[in-house]
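Asks: Take a look at this one; I'll ask things after.
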Amino acid sequence: MTENIREQMIASFEKTFDMPAFLAARGFVVPATERDALRLEMTQPATGETVLLQKDLAAGSWTYQNALKPEDRGSPSQYIEMHDRVSRDQSLDRLIGYSTERNFSPDATAYRRARQEKAPALRDAENRHTVALLQEKAAQRLLREYGVQPAQLESGRFGQFRSPSDLDRLVAEPQGLEASAFRPTDRKLVFTERALDAIGYERTSGGDRACYMYTGSNPSPETLRKIAHVVAELPLGMSVVLAFGRDERGRELAERLRALAPSLKMERESPQFGARWADQMQVEQRHARSLQRSSTRDLSR
């Protein structure tokens, strides 16, 4: 058998391989407390080994990662190779054996029984995992519509967006003063109306050296008091940028913040086009998609 044919066969069998059932047959269980539905967590009580599973909804296959050993990760066949200490060809043989009803080896029999008699806790965890993945996929689709590429979004700075409801804090006017994460290496404090505008600014001008505060387009007196306190306590070397919209409302908002600390120099940076930084990001993203489609059409001629 050539290597290419073997890998095709492994990929085919992995699409129908039930890795949660496989681990359950080996004594793994779902913990009582779930930490993250985007990863299906299973633990072997006898050894303490914890495996985090994730399903590819499009392909139907599973991948795994050892919670304590990041290098121990991959597909079901790779798990079998590493943990059963077998060759690549032998891992294919085992995948075939697990799916063969007439294979009465102890491992294959235990696997099929675990698959048919799956514990309710495991079924529930799988269902929550699927729902979480679908919600994350919907959130990523909406992020792209706003001009944000999920792979380029710095979750450590702006947080994670795992469901459509998470996007409310991106596009909605904040009820009070809200902020991104701060890092010791930050050199700019940037004020924007919303978190989405901050992401747009970061994309072109932030350079991973800015932290952000979101004021809304009409901050309350309480919010203005908090802003005055923040700028009064700025660390040495931190500059302040007023990255509000380039319309009249944005200019008025910038003047209101300047009035809070007249002696402090505050730079004004507006988007080159669009009312807000989020608008510019969306226009640039649509333009990039248009160029990509044009390039694809040219190559297909």
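Letters A, B, ... mark the chains of the structure tokens in the order given; residue numbers begin at 1 per chain; ligand numbers begin at 1, in order shown.
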Set the distance at 7 Å and use only C-alpha atoms: which residues neighbour segment 274-278 of chain A once local chain neighbours fewer than 5 positions away are removed? I'd like the list as a count of residues only.

Replies: 8

Asks: List every residue of segment 67-215 of chain A that DSSP, applied to the backbone of this structure, assigns to helix (DSSP H, G or I), and report them as a count of residues only.

Replies: 84

Asks: At a cut-off of 8 Å, using only C-alpha atoms, what residues contact segment 64-71 of chain A? Leave out same-chain residues fewer than 5 positions from it and give the result as an mmCIF file with all heavy atoms, in the first residue's frame.

Replies:
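Output (out-v2.cif):
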```
data_model
loop_
_atom_site.group_PDB
_atom_site.id
_atom_site.type_symbol
_atom_site.label_atom_id
_atom_site.label_comp_id
_atom_site.auth_asym_id
_atom_site.auth_seq_id
_atom_site.Cartn_x
_atom_site.Cartn_y
_atom_site.Cartn_z
ATOM 1 N N GLU A 49 -5.086 11.564 33.499
ATOM 2 C CA GLU A 49 -4.882 12.108 32.154
ATOM 3 C C GLU A 49 -6.159 12.817 31.681
ATOM 4 O O GLU A 49 -7.263 12.283 31.803
ATOM 5 C CB GLU A 49 -4.524 10.983 31.178
ATOM 6 C CG GLU A 49 -4.305 11.480 29.750
ATOM 7 C CD GLU A 49 -4.045 10.353 28.768
ATOM 8 O OE1 GLU A 49 -4.003 9.175 29.198
ATOM 9 O OE2 GLU A 49 -3.908 10.637 27.574
ATOM 10 N N THR A 50 -6.005 14.017 31.132
ATOM 11 C CA THR A 50 -7.136 14.776 30.621
ATOM 12 C C THR A 50 -6.915 15.093 29.149
ATOM 13 O O THR A 50 -5.851 15.591 28.762
ATOM 14 C CB THR A 50 -7.314 16.089 31.406
ATOM 15 O OG1 THR A 50 -7.621 15.780 32.758
ATOM 16 C CG2 THR A 50 -8.448 16.921 30.824
ATOM 17 N N VAL A 51 -7.927 14.789 28.358
ATOM 18 C CA VAL A 51 -7.862 15.015 26.916
ATOM 19 C C VAL A 51 -8.953 15.997 26.524
ATOM 20 O O VAL A 51 -10.101 15.887 26.979
ATOM 21 C CB VAL A 51 -8.038 13.681 26.150
ATOM 22 C CG1 VAL A 51 -8.079 13.930 24.645
ATOM 23 C CG2 VAL A 51 -6.897 12.726 26.490
ATOM 24 N N LEU A 52 -8.584 16.952 25.682
ATOM 25 C CA LEU A 52 -9.531 17.932 25.164
ATOM 26 C C LEU A 52 -9.817 17.609 23.707
ATOM 27 O O LEU A 52 -8.900 17.587 22.875
ATOM 28 C CB LEU A 52 -8.952 19.344 25.294
ATOM 29 C CG LEU A 52 -8.473 19.745 26.693
ATOM 30 C CD1 LEU A 52 -7.832 21.117 26.659
ATOM 31 C CD2 LEU A 52 -9.620 19.704 27.692
ATOM 32 N N LEU A 53 -11.080 17.346 23.407
ATOM 33 C CA LEU A 53 -11.475 16.971 22.054
ATOM 34 C C LEU A 53 -12.174 18.129 21.360
ATOM 35 O O LEU A 53 -12.843 18.944 21.993
ATOM 36 C CB LEU A 53 -12.432 15.773 22.097
ATOM 37 C CG LEU A 53 -11.949 14.507 22.786
ATOM 38 C CD1 LEU A 53 -13.053 13.465 22.803
ATOM 39 C CD2 LEU A 53 -10.705 13.962 22.107
ATOM 40 N N GLN A 54 -12.032 18.170 20.051
ATOM 41 C CA GLN A 54 -12.778 19.144 19.260
ATOM 42 C C GLN A 54 -13.203 18.484 17.959
ATOM 43 O O GLN A 54 -12.415 17.797 17.309
ATOM 44 C CB GLN A 54 -11.959 20.393 18.965
ATOM 45 C CG GLN A 54 -12.782 21.490 18.273
ATOM 46 C CD GLN A 54 -12.045 22.804 18.200
ATOM 47 O OE1 GLN A 54 -10.880 22.856 17.831
ATOM 48 N NE2 GLN A 54 -12.713 23.896 18.557
ATOM 49 N N PRO A 76 -7.345 10.978 15.665
ATOM 50 C CA PRO A 76 -7.490 9.688 16.355
ATOM 51 C C PRO A 76 -6.389 8.688 16.021
ATOM 52 O O PRO A 76 -5.895 7.981 16.921
ATOM 53 C CB PRO A 76 -8.857 9.191 15.870
ATOM 54 C CG PRO A 76 -9.624 10.431 15.595
ATOM 55 C CD PRO A 76 -8.617 11.389 15.023
ATOM 56 N N TYR A 79 -3.399 9.537 17.981
ATOM 57 C CA TYR A 79 -3.559 9.140 19.385
ATOM 58 C C TYR A 79 -3.245 7.655 19.547
ATOM 59 O O TYR A 79 -2.528 7.259 20.476
ATOM 60 C CB TYR A 79 -4.986 9.428 19.853
ATOM 61 C CG TYR A 79 -5.209 9.113 21.318
ATOM 62 C CD1 TYR A 79 -5.057 10.104 22.286
ATOM 63 C CD2 TYR A 79 -5.546 7.816 21.739
ATOM 64 C CE1 TYR A 79 -5.244 9.809 23.643
ATOM 65 C CE2 TYR A 79 -5.733 7.524 23.085
ATOM 66 C CZ TYR A 79 -5.576 8.521 24.024
ATOM 67 O OH TYR A 79 -5.750 8.220 25.356
#
```

Asks: Give me, as a PyMOL selection string, all polymer residues having an atom no more than 12 Å from Pro219 of chain A, counting only C-alpha atoms and skipping those fewer than 6 positions away in the same chain.

Replies: chain A and resi 173-178+191-194+213+225-227+249-250+252-254+256-257

Asks: If you count only C-alpha atoms, which residues fall within 10 Å of Arg88 of chain A, apart from same-chain ones fewer than 5 positions away, as a CSV table (one decimal) with N, CA, C and O atoms, in the first residue's frame?

Replies:
```csv
chain,number,residue,atom,x,y,z
A,3,GLU,N,1.9,5.2,0.5
A,3,GLU,CA,1.6,6.1,1.7
A,3,GLU,C,0.4,7.0,1.4
A,3,GLU,O,-0.4,7.2,2.3
A,6,ARG,N,-2.8,5.0,1.9
A,6,ARG,CA,-2.9,4.7,3.4
A,6,ARG,C,-3.5,5.9,4.1
A,6,ARG,O,-4.4,5.8,4.9
A,7,GLU,N,-3.0,7.1,3.7
A,7,GLU,CA,-3.5,8.3,4.4
A,7,GLU,C,-4.9,8.7,4.0
A,7,GLU,O,-5.7,9.2,4.8
A,10,ILE,N,-7.0,6.3,6.1
A,10,ILE,CA,-7.1,6.8,7.5
A,10,ILE,C,-8.0,8.0,7.6
A,10,ILE,O,-8.9,8.0,8.5
A,77,SER,N,-6.0,8.6,14.8
A,77,SER,CA,-4.9,7.7,14.4
A,77,SER,C,-3.6,8.0,15.1
A,77,SER,O,-2.9,7.1,15.5
A,78,GLN,N,-3.4,9.3,15.2
A,78,GLN,CA,-2.1,9.7,15.9
A,78,GLN,C,-2.2,9.4,17.4
A,78,GLN,O,-1.2,9.1,18.0
A,80,ILE,N,-3.8,6.8,18.7
A,80,ILE,CA,-3.5,5.4,18.7
A,80,ILE,C,-2.1,5.1,18.6
A,80,ILE,O,-1.5,4.3,19.3
A,81,GLU,N,-1.4,5.7,17.6
A,81,GLU,CA,0.0,5.5,17.4
A,81,GLU,C,0.8,5.9,18.7
A,81,GLU,O,1.7,5.1,19.1
A,82,MET,N,0.5,7.0,19.2
A,82,MET,CA,1.3,7.5,20.4
A,82,MET,C,1.0,6.7,21.7
A,82,MET,O,2.0,6.3,22.4
A,93,ASP,N,-5.0,-0.3,10.7
A,93,ASP,CA,-5.6,-1.6,10.9
A,93,ASP,C,-6.6,-1.5,12.1
A,93,ASP,O,-7.7,-2.1,12.1
```

Asks: Grab the atom CA of Ser220 of chain A to atom CA of Ser165 of chain A distance for me, in Å with one decimal place.

Replies: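 Separating atom CA of Ser220 of chain A from atom CA of Ser165 of chain A is a distance of 24.8 Å.
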